[in-house]
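Student: Before I ask anything, let me first share the structure, which is written out below as C-alpha cells.
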Protein chains: 2
Amino acid sequence: MTDGASSRGPIVALAGGVGAARFLRGLVRAAAPEDVTAIVNTGDDREFYGVWVAPDLDIVTYTLAGAVDLDKGYGLAGDTTTLVDRLGELGHESWFRLGDRDFANCLHRTLAMRDGATLAETAETLRQSYRLDVRVLPMSNAPCPTRVELSGGRSVHFEEYMVRDGAPSDVESVDLSAARAAAPAPGVLEAIRSARTLVVCPSNPVVSIGPILAVPGVRDAIAASDAPVVGVSPIVGGAPVKGPAAQLLRGIGCEVSARGVARLYAPWIDGFVIDQRDAGQVDEIEALGVACRAVDTLMVNVEVAKRLAQAVLDLAEQTRDERGR
Amino acid sequence: MTDGASSRGPIVALAGGVGAARFLRGLVRAAAPEDVTAIVNTGDDREFYGVWVAPDLDIVTYTLAGAVDLDKGYGLAGDTTTLVDRLGELGHESWFRLGDRDFANCLHRTLAMRDGATLAETAETLRQSYRLDVRVLPMSNAPCPTRVELSGGRSVHFEEYMVRDGAPSDVESVDLSAARAAAPAPGVLEAIRSARTLVVCPSNPVVSIGPILAVPGVRDAIAASDAPVVGVSPIVGGAPVKGPAAQLLRGIGCEVSARGVARLYAPWIDGFVIDQRDAGQVDEIEALGVACRAVDTLMVNVEVAKRLAQAVLDLAEQTRDERGR
C-alpha cells in the first residue's frame, strides 16, 4: 500500500485516456492500488499497421507504470519510431505515430487475440508485465469503434477525427452504436456492483465516458449500486485541458463548462469535483442535486493528482454519510 | 553501368541467401546491373511475429543495396531489436532475431499481400525503395516452405532447423514438396528462356538451389535454354563457407565437396567455378562433362566477388564458344 493510502474497499473508476491516467496515478496514491479497478474506454481502438491499438488501455497502463511519455501523454518515454518512419517511406499512411516498443505491445495483443485471447486477457498480460497492482479492464472485449459524424454526411473513426484530421469543429454527432451493441467485458458489471466507491475520471464525457456508459448493463449497474458516484470535471477554467472535448461537447449540444458536464452527468452521479478556476459554478451544480467541490484539478504533477483523488474520495465519503449509505 | 561492366545481354542467376547475395554484389560490377535477374529461393519464407519474412529475398536486396549487416550476412546494418526484445519479455519465442527496420519491410510485405499484392510485387517495391537496378524475382508467389526431416520422424520448417535448432546433423531428408506444387512467379520462366547466360550462385544446393529447381517448369526451361549454365561451388577447401550445407548435403547422400556438388549439378550445368583450395578436383569435375575453373571464391570483399563473377562470365563465354552457341 502506498504512503498515505488507506483501505476504503473496492473503487471502480470509469476511465478514458490522458486525463484519466493522470488522475489514476493520484488515486493509487490516495487509496490502495489493489482496491482500484479502472474500466477503460475502448471506443478509440483500431487496427493500425496490422496491429490492434487500444490507446486508452495503453495510456492508463503506461502512465500507472511510470513509463508513459509525459510530454505527449501517450506512448512510451524514449520510444523510437523506426517502424512508422519506414512504413511512411514505403508509402503507407503514417499519421498515427505508434512507437516501436508500443507497437511491440500492440503486436503481442494482436498475436494473442489471433490465438484466441480476449482483449481483457491481453490487457492483463500487459498490466502484469508492468507490475501494476491496479486492475485494468476494457469496457468490452468486442470492437466498439466510436465514429464521429461531421458536416456533409462524413463519418470517420475517432482516431481519424482526432489524430489524422486534427479534431475539426464541424461535429454533428457521435456514433456510439458499436458500444451499444457490445457485451461488457467479463468482470465489468461485477466490479461496478461490488464497488464501494464509483469514480468518473476527468475524461472526455462524449467519447471516453460516453462509450463506457453505452455498453449494455453499465448504466443499470451504476444506477443499482449503493456506492456514491463522484465525477471529476475535465473542464478547467471553461475549457478542456487537452483534446477535442470542446468540439465534441458542442456537437452533442452540451455547454463547454464544468456546469455543462455536470448537467450531462447529474442523472447518475452524486458528487462532482470541479476546478477551482470554475468555482463560481459550484452553487449551480449543487442545485442540480449534485454535491460539488472546487479544487485544483490541473494535474501538473502527481502530488496535485493525489490531492485531487483525495478530494474525490472525501466527497464520496461525505455523500455516502449524507445519504446514510 | 558500373565501372568495368560490359553489356552481355540478359543474365539470370539462381540465388539463395548470403553466398548468393555476396556473389551478386560482384556480378553487378562485372556486368550491367540492369541485365541481371536474380531468381530467389523462397523455401525459407515463413511468418514470424505476424509478418511474412522472406529471408533470401531480403538478404539479396539488402546486400545489393549496401544496407546489409555484413558481419551477420543478413538483416540491416545498425538495425535495432526493440520489437523482438519486447516480445521476448512478453513470453513470445524470439529466437528469430528480426530487426526493427527489417520488420518494417516485412510488415509492408504482409500488409500489401493482405491487400492483394503478390510476393513478387512486394519484392519489387522493396527493390525500388533501395534503388536497385537488378531485377529480384521470387521463384514463386505461393508459400513453398522447405521442411527438414530429422531422425525419429521429426519434421521442422527450415528456419526452425537452421536458426532455432542450430542445424543439427541428423538430417534424413529434405522435403521440397511445397515448391514442387507451386507455380513459378510470373516472369521466372520467361527470364530463364530469354537469358543469354544462366548462373547458379554459390548457395546451398539442397535448400537454396534445390527449391528453385523444384518449382514446376524451371528445370525444363533451363534444359531448353541455349544459354550456357555456369555454377559456383559453395564449398571452399572441402567445407561450406557458412550455414548448414554439410549436414544437408550428407542428408541427401551427397559428398561435401566441390566435386560432390558438381556431380549434383552435372546433368544441367555446362561450367562450374570452384575454389582454388579445391583445385585438385578440376580434372574429376571436367570428367563429368563440366568445364571447370578454380579461382578464389572466398568473397571477403566486393573485389573478390567481382573477380569471381568475371571468372563465371568468362567461363560462360568459353563454353558458349566451344558449343558454338
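FYI, nothing fancy with the C-alpha cells labels: chains A, B, ... in order, residues from 1 per chain, ligands from 1 as they appear.
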May I have a table of the residues of chain B lying at most 9 Å from chain A, giving each one's closest pair of atoms and their distance in Å to one decimal, counting only C-alpha atoms, ordered by chain and ascending residue number, as JSON lines?

Tutor:
{"residue": "B:Tyr49", "atom": "CA", "partner": "A:Leu111", "partner_atom": "CA", "distance": 7.4}
{"residue": "B:Gly50", "atom": "CA", "partner": "A:Leu111", "partner_atom": "CA", "distance": 6.8}
{"residue": "B:Thr80", "atom": "CA", "partner": "A:Thr82", "partner_atom": "CA", "distance": 8.7}
{"residue": "B:Thr82", "atom": "CA", "partner": "A:Arg101", "partner_atom": "CA", "distance": 6.1}
{"residue": "B:Leu83", "atom": "CA", "partner": "A:Ala104", "partner_atom": "CA", "distance": 5.2}
{"residue": "B:Val84", "atom": "CA", "partner": "A:Ala104", "partner_atom": "CA", "distance": 7.7}
{"residue": "B:Asp85", "atom": "CA", "partner": "A:Ala104", "partner_atom": "CA", "distance": 8.8}
{"residue": "B:Arg86", "atom": "CA", "partner": "A:Ala104", "partner_atom": "CA", "distance": 6.2}
{"residue": "B:Leu87", "atom": "CA", "partner": "A:Ala104", "partner_atom": "CA", "distance": 6.3}
{"residue": "B:Glu89", "atom": "CA", "partner": "A:Ser129", "partner_atom": "CA", "distance": 8.0}
{"residue": "B:Leu90", "atom": "CA", "partner": "A:Ser129", "partner_atom": "CA", "distance": 7.0}
{"residue": "B:His92", "atom": "CA", "partner": "A:His108", "partner_atom": "CA", "distance": 8.2}
{"residue": "B:Asp100", "atom": "CA", "partner": "A:Leu83", "partner_atom": "CA", "distance": 6.5}
{"residue": "B:Arg101", "atom": "CA", "partner": "A:Thr82", "partner_atom": "CA", "distance": 6.1}
{"residue": "B:Asp102", "atom": "CA", "partner": "A:Leu83", "partner_atom": "CA", "distance": 8.9}
{"residue": "B:Phe103", "atom": "CA", "partner": "A:Leu83", "partner_atom": "CA", "distance": 7.6}
{"residue": "B:Ala104", "atom": "CA", "partner": "A:Leu83", "partner_atom": "CA", "distance": 5.2}
{"residue": "B:Asn105", "atom": "CA", "partner": "A:Leu87", "partner_atom": "CA", "distance": 7.5}
{"residue": "B:Leu107", "atom": "CA", "partner": "A:Tyr49", "partner_atom": "CA", "distance": 7.7}
{"residue": "B:His108", "atom": "CA", "partner": "A:Leu87", "partner_atom": "CA", "distance": 6.6}
{"residue": "B:Thr110", "atom": "CA", "partner": "A:Gly50", "partner_atom": "CA", "distance": 8.5}
{"residue": "B:Leu111", "atom": "CA", "partner": "A:Gly50", "partner_atom": "CA", "distance": 6.8}
{"residue": "B:Thr125", "atom": "CA", "partner": "A:Leu90", "partner_atom": "CA", "distance": 7.7}
{"residue": "B:Leu126", "atom": "CA", "partner": "A:Leu90", "partner_atom": "CA", "distance": 7.9}
{"residue": "B:Ser129", "atom": "CA", "partner": "A:Leu90", "partner_atom": "CA", "distance": 7.0}

Student: Can you show chain A as a compact mmCIF listing (two decimals) with C-alpha atoms, in the first residue's frame once it has been least-squares superposed onto chain B, using every C-alpha atom paired in order?

Tutor:
# COMPACT_ATOMS: atom_id res chain seq x y z
CA MET A 1 26.56 0.83 -65.90
CA THR A 2 29.23 0.17 -63.30
CA ASP A 3 32.93 0.52 -63.87
CA GLY A 4 34.32 -2.44 -65.79
CA ALA A 5 30.92 -3.79 -66.78
CA SER A 6 30.11 -4.58 -70.34
CA SER A 7 26.71 -5.48 -71.68
CA ARG A 8 26.50 -9.18 -72.31
CA GLY A 9 22.75 -9.50 -72.59
CA PRO A 10 20.36 -10.87 -69.99
CA ILE A 11 21.91 -12.84 -67.14
CA VAL A 12 19.71 -14.94 -64.88
CA ALA A 13 21.13 -16.00 -61.53
CA LEU A 14 19.55 -18.65 -59.30
CA ALA A 15 20.10 -17.36 -55.80
CA GLY A 16 19.83 -18.32 -52.15
CA GLY A 17 20.90 -16.12 -49.27
CA VAL A 18 24.27 -14.86 -48.03
CA GLY A 19 26.59 -16.54 -50.57
CA ALA A 20 24.37 -15.61 -53.49
CA ALA A 21 23.99 -12.04 -52.28
CA ARG A 22 27.76 -11.60 -51.97
CA PHE A 23 28.25 -13.08 -55.42
CA LEU A 24 25.57 -10.84 -56.94
CA ARG A 25 27.31 -7.81 -55.45
CA GLY A 26 30.26 -8.80 -57.64
CA LEU A 27 28.13 -9.75 -60.63
CA VAL A 28 26.55 -6.30 -60.84
CA ARG A 29 30.08 -4.89 -61.03
CA ALA A 30 31.23 -7.34 -63.69
CA ALA A 31 28.08 -6.88 -65.79
CA ALA A 32 25.42 -4.23 -66.23
CA PRO A 33 23.09 -4.45 -63.19
CA GLU A 34 20.03 -3.89 -65.38
CA ASP A 35 20.95 -7.05 -67.32
CA VAL A 36 20.79 -9.17 -64.16
CA THR A 37 17.72 -11.00 -62.89
CA ALA A 38 18.06 -12.88 -59.61
CA ILE A 39 15.56 -15.70 -59.17
CA VAL A 40 15.49 -16.17 -55.45
CA ASN A 41 14.66 -19.13 -53.24
CA THR A 42 11.56 -18.63 -51.10
CA GLY A 43 11.66 -22.00 -49.36
CA ASP A 44 12.94 -20.31 -46.18
CA ASP A 45 10.01 -17.91 -46.02
CA ARG A 46 7.76 -18.05 -43.00
CA GLU A 47 5.58 -15.98 -40.78
CA PHE A 48 7.31 -14.64 -37.70
CA TYR A 49 5.62 -12.24 -35.26
CA GLY A 50 2.65 -11.87 -37.59
CA VAL A 51 4.68 -10.77 -40.60
CA TRP A 52 5.83 -12.65 -43.67
CA VAL A 53 9.60 -12.98 -43.64
CA ALA A 54 11.38 -13.80 -46.92
CA PRO A 55 14.99 -14.20 -45.76
CA ASP A 56 16.70 -14.83 -49.11
CA LEU A 57 14.81 -12.11 -50.99
CA ASP A 58 15.72 -9.65 -48.28
CA ILE A 59 19.36 -10.75 -47.92
CA VAL A 60 19.81 -10.30 -51.67
CA THR A 61 18.06 -6.92 -51.69
CA TYR A 62 19.83 -5.58 -48.58
CA THR A 63 23.25 -6.78 -49.78
CA LEU A 64 22.88 -5.28 -53.24
CA ALA A 65 21.70 -2.05 -51.59
CA GLY A 66 24.81 -1.96 -49.43
CA ALA A 67 22.46 -1.94 -46.44
CA VAL A 68 23.06 -5.45 -45.11
CA ASP A 69 24.68 -6.17 -41.76
CA LEU A 70 27.92 -7.50 -43.22
CA ASP A 71 29.00 -9.24 -40.03
CA LYS A 72 25.87 -11.34 -39.84
CA GLY A 73 25.27 -11.54 -43.60
CA TYR A 74 21.57 -10.85 -43.08
CA GLY A 75 19.46 -8.07 -41.60
CA LEU A 76 20.14 -4.37 -41.89
CA ALA A 77 23.31 -2.72 -40.65
CA GLY A 78 22.68 -0.75 -37.46
CA ASP A 79 19.16 -2.11 -37.04
CA THR A 80 17.67 -2.29 -33.55
CA THR A 81 15.75 -5.20 -31.95
CA THR A 82 13.25 -3.32 -29.81
CA LEU A 83 10.40 -5.40 -31.15
CA VAL A 84 11.71 -8.94 -30.66
CA ASP A 85 13.20 -7.99 -27.31
CA ARG A 86 9.84 -6.74 -26.06
CA LEU A 87 7.98 -9.74 -27.50
CA GLY A 88 10.48 -11.97 -25.69
CA GLU A 89 9.71 -10.17 -22.41
CA LEU A 90 6.02 -10.83 -23.04
CA GLY A 91 6.66 -14.56 -23.38
CA HIS A 92 6.87 -14.99 -27.14
CA GLU A 93 9.51 -17.16 -28.78
CA SER A 94 12.08 -14.69 -30.02
CA TRP A 95 14.84 -16.85 -31.49
CA PHE A 96 14.37 -15.31 -34.91
CA ARG A 97 16.18 -12.01 -34.35
CA LEU A 98 14.35 -9.83 -36.83
CA GLY A 99 15.48 -6.20 -36.57
CA ASP A 100 12.99 -3.33 -36.31
CA ARG A 101 13.59 -1.79 -39.73
CA ASP A 102 13.76 -5.27 -41.25
CA PHE A 103 10.42 -5.97 -39.53
CA ALA A 104 8.99 -2.81 -41.10
CA ASN A 105 9.90 -4.12 -44.55
CA CYS A 106 8.29 -7.47 -43.74
CA LEU A 107 5.25 -5.68 -42.34
CA HIS A 108 4.96 -3.74 -45.58
CA ARG A 109 5.06 -7.06 -47.43
CA THR A 110 2.41 -8.52 -45.16
CA LEU A 111 0.04 -5.57 -45.38
CA ALA A 112 0.44 -5.34 -49.16
CA MET A 113 -0.16 -9.07 -49.57
CA ARG A 114 -3.23 -8.83 -47.35
CA ASP A 115 -4.43 -6.13 -49.75
CA GLY A 116 -3.95 -8.49 -52.68
CA ALA A 117 -0.36 -7.84 -53.79
CA THR A 118 1.80 -10.80 -54.75
CA LEU A 119 5.11 -11.61 -53.07
CA ALA A 120 6.83 -10.56 -56.31
CA GLU A 121 5.09 -7.18 -56.26
CA THR A 122 6.22 -6.58 -52.70
CA ALA A 123 9.79 -7.59 -53.60
CA GLU A 124 9.60 -5.06 -56.41
CA THR A 125 8.52 -2.26 -54.04
CA LEU A 126 11.41 -3.06 -51.72
CA ARG A 127 13.85 -3.25 -54.64
CA GLN A 128 12.69 0.17 -55.81
CA SER A 129 12.88 1.62 -52.31
CA TYR A 130 16.57 0.64 -52.28
CA ARG A 131 17.01 1.96 -55.85
CA LEU A 132 18.41 -1.28 -57.24
CA ASP A 133 18.79 -1.81 -60.97
CA VAL A 134 18.92 -5.59 -60.61
CA ARG A 135 15.63 -7.43 -61.02
CA VAL A 136 14.80 -9.52 -57.96
CA LEU A 137 12.19 -12.22 -58.53
CA PRO A 138 10.93 -14.75 -56.02
CA MET A 139 10.86 -18.26 -57.49
CA SER A 140 7.13 -18.40 -56.72
CA ASN A 141 4.41 -16.21 -55.27
CA ALA A 142 2.99 -19.20 -53.38
CA PRO A 143 4.28 -20.22 -49.95
CA CYS A 144 6.85 -23.00 -50.53
CA PRO A 145 8.10 -23.98 -47.08
CA THR A 146 11.13 -26.26 -47.16
CA ARG A 147 10.93 -28.81 -44.40
CA VAL A 148 13.83 -30.76 -42.95
CA GLU A 149 13.19 -34.31 -41.85
CA LEU A 150 15.23 -35.40 -38.90
CA SER A 151 15.82 -38.69 -37.12
CA GLY A 152 12.90 -40.05 -35.15
CA GLY A 153 10.38 -38.86 -37.72
CA ARG A 154 10.59 -35.21 -36.73
CA SER A 155 9.89 -32.66 -39.44
CA VAL A 156 10.66 -28.96 -38.97
CA HIS A 157 10.48 -25.82 -41.08
CA PHE A 158 13.87 -24.85 -42.48
CA GLU A 159 14.14 -21.77 -40.25
CA GLU A 160 13.39 -23.86 -37.18
CA TYR A 161 16.05 -26.33 -38.26
CA MET A 162 18.61 -23.65 -39.06
CA VAL A 163 18.03 -20.82 -36.59
CA ARG A 164 16.07 -22.26 -33.69
CA ASP A 165 17.74 -25.68 -33.52
CA GLY A 166 21.21 -24.67 -34.75
CA ALA A 167 21.29 -27.03 -37.77
CA PRO A 168 21.64 -30.45 -36.14
CA SER A 169 23.33 -33.18 -38.17
CA ASP A 170 20.64 -35.87 -37.99
CA VAL A 171 19.09 -34.86 -41.31
CA GLU A 172 17.35 -37.74 -43.04
CA SER A 173 15.88 -35.87 -45.98
CA VAL A 174 14.68 -32.50 -47.20
CA ASP A 175 11.05 -32.07 -48.16
CA LEU A 176 10.57 -29.79 -51.17
CA SER A 177 7.03 -30.90 -51.88
CA ALA A 178 5.64 -27.38 -51.38
CA ALA A 179 7.99 -25.98 -54.04
CA ARG A 180 7.10 -28.90 -56.32
CA ALA A 181 3.43 -27.96 -56.06
CA ALA A 182 3.96 -24.20 -56.54
CA ALA A 183 3.61 -22.21 -59.73
CA PRO A 184 6.65 -20.16 -60.74
CA ALA A 185 6.21 -16.43 -60.19
CA PRO A 186 5.26 -14.54 -63.35
CA GLY A 187 8.44 -13.73 -65.24
CA VAL A 188 10.55 -16.57 -63.83
CA LEU A 189 10.29 -18.96 -66.77
CA GLU A 190 10.32 -16.06 -69.24
CA ALA A 191 13.54 -14.72 -67.70
CA ILE A 192 15.21 -18.13 -67.93
CA ARG A 193 14.05 -18.56 -71.53
CA SER A 194 15.38 -15.18 -72.62
CA ALA A 195 18.64 -15.31 -70.65
CA ARG A 196 21.89 -15.20 -72.58
CA THR A 197 23.73 -16.58 -69.56
CA LEU A 198 22.47 -18.66 -66.65
CA VAL A 199 24.35 -18.58 -63.38
CA VAL A 200 23.97 -20.72 -60.26
CA CYS A 201 25.10 -18.66 -57.30
CA PRO A 202 27.28 -20.18 -54.56
CA SER A 203 24.29 -21.17 -52.46
CA ASN A 204 23.26 -24.24 -50.56
CA PRO A 205 22.51 -26.83 -53.28
CA VAL A 206 19.91 -28.60 -51.15
CA VAL A 207 17.83 -25.87 -49.55
CA SER A 208 18.55 -22.83 -51.74
CA ILE A 209 19.07 -24.05 -55.31
CA GLY A 210 17.07 -27.25 -54.75
CA PRO A 211 13.75 -25.47 -54.11
CA ILE A 212 14.16 -23.23 -57.19
CA LEU A 213 14.78 -26.28 -59.37
CA ALA A 214 11.79 -28.00 -57.78
CA VAL A 215 9.35 -25.33 -58.96
CA PRO A 216 7.45 -26.77 -61.94
CA GLY A 217 8.87 -25.57 -65.26
CA VAL A 218 12.21 -24.29 -64.00
CA ARG A 219 14.29 -27.37 -64.80
CA ASP A 220 12.64 -27.70 -68.21
CA ALA A 221 13.22 -24.04 -69.03
CA ILE A 222 16.89 -24.38 -68.11
CA ALA A 223 17.21 -27.59 -70.14
CA ALA A 224 15.53 -25.96 -73.15
CA SER A 225 17.73 -22.87 -72.98
CA ASP A 226 20.63 -22.33 -75.37
CA ALA A 227 22.38 -20.20 -72.75
CA PRO A 228 25.44 -21.61 -71.04
CA VAL A 229 24.76 -22.55 -67.42
CA VAL A 230 27.64 -21.88 -65.05
CA GLY A 231 27.57 -22.67 -61.37
CA VAL A 232 29.74 -21.55 -58.48
CA SER A 233 30.72 -24.01 -55.81
CA PRO A 234 29.49 -23.14 -52.30
CA ILE A 235 32.28 -25.36 -50.94
CA VAL A 236 35.67 -23.84 -50.12
CA GLY A 237 38.54 -26.10 -49.07
CA GLY A 238 36.21 -29.05 -48.59
CA ALA A 239 33.67 -27.28 -46.37
CA PRO A 240 30.83 -24.82 -46.81
CA VAL A 241 31.75 -21.20 -46.04
CA LYS A 242 28.70 -20.73 -43.85
CA GLY A 243 25.47 -22.43 -42.96
CA PRO A 244 24.30 -25.99 -42.75
CA ALA A 245 25.27 -27.22 -46.23
CA ALA A 246 27.43 -30.07 -44.85
CA GLN A 247 24.63 -31.57 -42.77
CA LEU A 248 22.12 -31.16 -45.59
CA LEU A 249 24.36 -32.48 -48.38
CA ARG A 250 25.10 -35.56 -46.27
CA GLY A 251 21.38 -35.83 -45.56
CA ILE A 252 20.68 -36.26 -49.26
CA GLY A 253 23.67 -38.61 -49.68
CA CYS A 254 25.95 -36.12 -51.41
CA GLU A 255 29.68 -35.77 -50.72
CA VAL A 256 30.54 -32.46 -49.05
CA SER A 257 33.01 -31.22 -51.66
CA ALA A 258 33.17 -29.16 -54.82
CA ARG A 259 33.18 -32.47 -56.69
CA GLY A 260 30.10 -33.64 -54.79
CA VAL A 261 28.16 -30.51 -55.75
CA ALA A 262 29.43 -30.74 -59.33
CA ARG A 263 28.01 -34.27 -59.54
CA LEU A 264 24.65 -32.96 -58.34
CA TYR A 265 24.63 -30.18 -60.91
CA ALA A 266 26.36 -32.01 -63.82
CA PRO A 267 23.15 -33.03 -65.59
CA TRP A 268 22.16 -29.41 -66.19
CA ILE A 269 25.23 -27.16 -65.98
CA ASP A 270 27.92 -26.48 -68.56
CA GLY A 271 30.55 -24.90 -66.37
CA PHE A 272 31.49 -24.86 -62.69
CA VAL A 273 33.75 -22.44 -60.90
CA ILE A 274 35.31 -23.88 -57.78
CA ASP A 275 37.63 -22.50 -55.15
CA GLN A 276 41.38 -22.58 -55.72
CA ARG A 277 41.73 -24.54 -52.47
CA ASP A 278 39.83 -27.35 -54.20
CA ALA A 279 41.79 -27.07 -57.48
CA GLY A 280 42.81 -30.72 -57.22
CA GLN A 281 39.23 -31.66 -58.20
CA VAL A 282 39.17 -29.77 -61.52
CA ASP A 283 40.02 -32.81 -63.66
CA GLU A 284 37.47 -35.03 -61.96
CA ILE A 285 34.80 -32.38 -62.49
CA GLU A 286 35.73 -31.90 -66.14
CA ALA A 287 35.44 -35.67 -66.51
CA LEU A 288 31.75 -35.22 -65.67
CA GLY A 289 31.45 -33.15 -68.86
CA VAL A 290 31.50 -29.86 -66.96
CA ALA A 291 34.04 -27.15 -67.81
CA CYS A 292 35.75 -26.23 -64.55
CA ARG A 293 37.93 -23.40 -63.33
CA ALA A 294 39.45 -22.90 -59.88
CA VAL A 295 39.72 -19.33 -58.58
CA ASP A 296 39.45 -17.54 -55.25
CA THR A 297 35.77 -17.84 -54.29
CA LEU A 298 36.05 -16.65 -50.69
CA MET A 299 34.29 -13.31 -51.10
CA VAL A 300 35.91 -11.42 -48.25
CA ASN A 301 35.29 -8.18 -50.12
CA VAL A 302 33.52 -6.93 -53.20
CA GLU A 303 36.68 -7.02 -55.32
CA VAL A 304 37.00 -10.78 -54.84
CA ALA A 305 33.29 -11.10 -55.66
CA LYS A 306 33.74 -9.09 -58.84
CA ARG A 307 36.71 -11.19 -59.97
CA LEU A 308 34.73 -14.34 -59.22
CA ALA A 309 31.77 -13.06 -61.24
CA GLN A 310 34.13 -12.18 -64.06
CA ALA A 311 35.51 -15.71 -64.01
CA VAL A 312 31.96 -17.09 -64.17
CA LEU A 313 31.05 -14.87 -67.13
CA ASP A 314 34.32 -15.75 -68.86
CA LEU A 315 33.68 -19.45 -68.39
CA ALA A 316 30.15 -18.95 -69.76
CA GLU A 317 31.59 -17.27 -72.89
CA GLN A 318 34.07 -20.10 -73.31
CA THR A 319 31.49 -22.85 -73.07
CA ARG A 320 29.26 -20.85 -75.42
CA ASP A 321 32.10 -20.64 -77.96
CA GLU A 322 32.98 -24.30 -77.59
CA ARG A 323 29.41 -25.36 -78.13
CA GLY A 324 29.01 -22.95 -81.01
CA ARG A 325 26.05 -21.24 -79.31

Student: Considering only helix (DSSP H, G or I) as DSSP defines it on the backbone, what residues of region 169-246 of chain B qualify? List them as a compact mmCIF listing (two decimals) with N, CA and C atoms, in the first residue's frame.

Tutor:
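File produced: part00.txt:
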# COMPACT_ATOMS: atom_id res chain seq x y z
N SER B 177 8.30 -30.64 -51.22
CA SER B 177 7.02 -30.89 -51.89
C SER B 177 6.22 -29.61 -52.11
N ALA B 178 6.38 -28.64 -51.21
CA ALA B 178 5.63 -27.38 -51.40
C ALA B 178 6.11 -26.66 -52.65
N ALA B 179 7.45 -26.62 -52.84
CA ALA B 179 7.99 -25.99 -54.05
C ALA B 179 7.54 -26.75 -55.29
N ARG B 180 7.49 -28.08 -55.17
CA ARG B 180 7.11 -28.91 -56.33
C ARG B 180 5.66 -28.66 -56.75
N VAL B 188 9.43 -15.67 -64.16
CA VAL B 188 10.55 -16.57 -63.84
C VAL B 188 10.93 -17.41 -65.07
N LEU B 189 9.98 -18.10 -65.63
CA LEU B 189 10.30 -18.96 -66.78
C LEU B 189 10.69 -18.10 -67.99
N GLU B 190 10.01 -16.97 -68.14
CA GLU B 190 10.32 -16.06 -69.24
C GLU B 190 11.77 -15.57 -69.13
N ALA B 191 12.17 -15.23 -67.90
CA ALA B 191 13.55 -14.74 -67.69
C ALA B 191 14.56 -15.81 -68.06
N ILE B 192 14.29 -17.05 -67.63
CA ILE B 192 15.21 -18.15 -67.94
C ILE B 192 15.29 -18.35 -69.45
N ARG B 193 14.11 -18.34 -70.08
CA ARG B 193 14.07 -18.57 -71.54
C ARG B 193 14.81 -17.51 -72.32
N SER B 194 14.76 -16.27 -71.83
CA SER B 194 15.39 -15.19 -72.61
C SER B 194 16.79 -14.84 -72.11
N PRO B 205 23.13 -26.10 -52.19
CA PRO B 205 22.50 -26.85 -53.30
C PRO B 205 21.17 -27.49 -52.88
N VAL B 206 21.06 -27.85 -51.60
CA VAL B 206 19.89 -28.61 -51.15
C VAL B 206 18.70 -27.72 -50.83
N VAL B 207 18.93 -26.66 -50.05
CA VAL B 207 17.80 -25.86 -49.55
C VAL B 207 17.71 -24.48 -50.18
N SER B 208 18.66 -24.12 -51.07
CA SER B 208 18.55 -22.83 -51.75
C SER B 208 18.32 -23.04 -53.24
N ILE B 209 19.22 -23.79 -53.89
CA ILE B 209 19.07 -24.05 -55.32
C ILE B 209 18.02 -25.15 -55.53
N GLY B 210 18.01 -26.15 -54.64
CA GLY B 210 17.05 -27.25 -54.74
C GLY B 210 15.61 -26.79 -54.88
N PRO B 211 15.13 -25.91 -54.01
CA PRO B 211 13.74 -25.47 -54.13
C PRO B 211 13.45 -24.75 -55.44
N ILE B 212 14.41 -23.94 -55.93
CA ILE B 212 14.16 -23.23 -57.19
C ILE B 212 13.99 -24.24 -58.32
N LEU B 213 14.87 -25.25 -58.33
CA LEU B 213 14.78 -26.28 -59.38
C LEU B 213 13.51 -27.11 -59.24
N ALA B 214 12.98 -27.18 -58.02
CA ALA B 214 11.78 -28.00 -57.80
C ALA B 214 10.51 -27.34 -58.32
N VAL B 218 10.88 -24.91 -64.09
CA VAL B 218 12.21 -24.29 -64.01
C VAL B 218 13.27 -25.18 -64.64
N ARG B 219 13.31 -26.46 -64.25
CA ARG B 219 14.30 -27.39 -64.83
C ARG B 219 14.14 -27.49 -66.35
N ASP B 220 12.89 -27.59 -66.78
CA ASP B 220 12.64 -27.71 -68.22
C ASP B 220 13.10 -26.46 -68.96
N ALA B 221 12.84 -25.30 -68.37
CA ALA B 221 13.23 -24.05 -69.03
C ALA B 221 14.75 -23.96 -69.13
N ILE B 222 15.44 -24.40 -68.07
CA ILE B 222 16.91 -24.40 -68.11
C ILE B 222 17.40 -25.38 -69.17
N ALA B 223 16.81 -26.57 -69.17
CA ALA B 223 17.23 -27.60 -70.13
C ALA B 223 16.99 -27.15 -71.57
N ALA B 224 15.91 -26.40 -71.76
CA ALA B 224 15.56 -25.97 -73.12
C ALA B 224 16.36 -24.77 -73.58
N ALA B 245 25.21 -26.43 -45.01
CA ALA B 245 25.28 -27.21 -46.25
C ALA B 245 25.83 -28.62 -46.00
N ALA B 246 26.81 -28.74 -45.09
CA ALA B 246 27.42 -30.06 -44.85
C ALA B 246 26.36 -31.05 -44.37

Student: Please return, as an MDAnalysis selection string, all residues of region 22-117 of chain B that DSSP assigns to strand (DSSP E) on the basis of the backbone.

Tutor: chainID B and resid 36:40 46:48 51:53
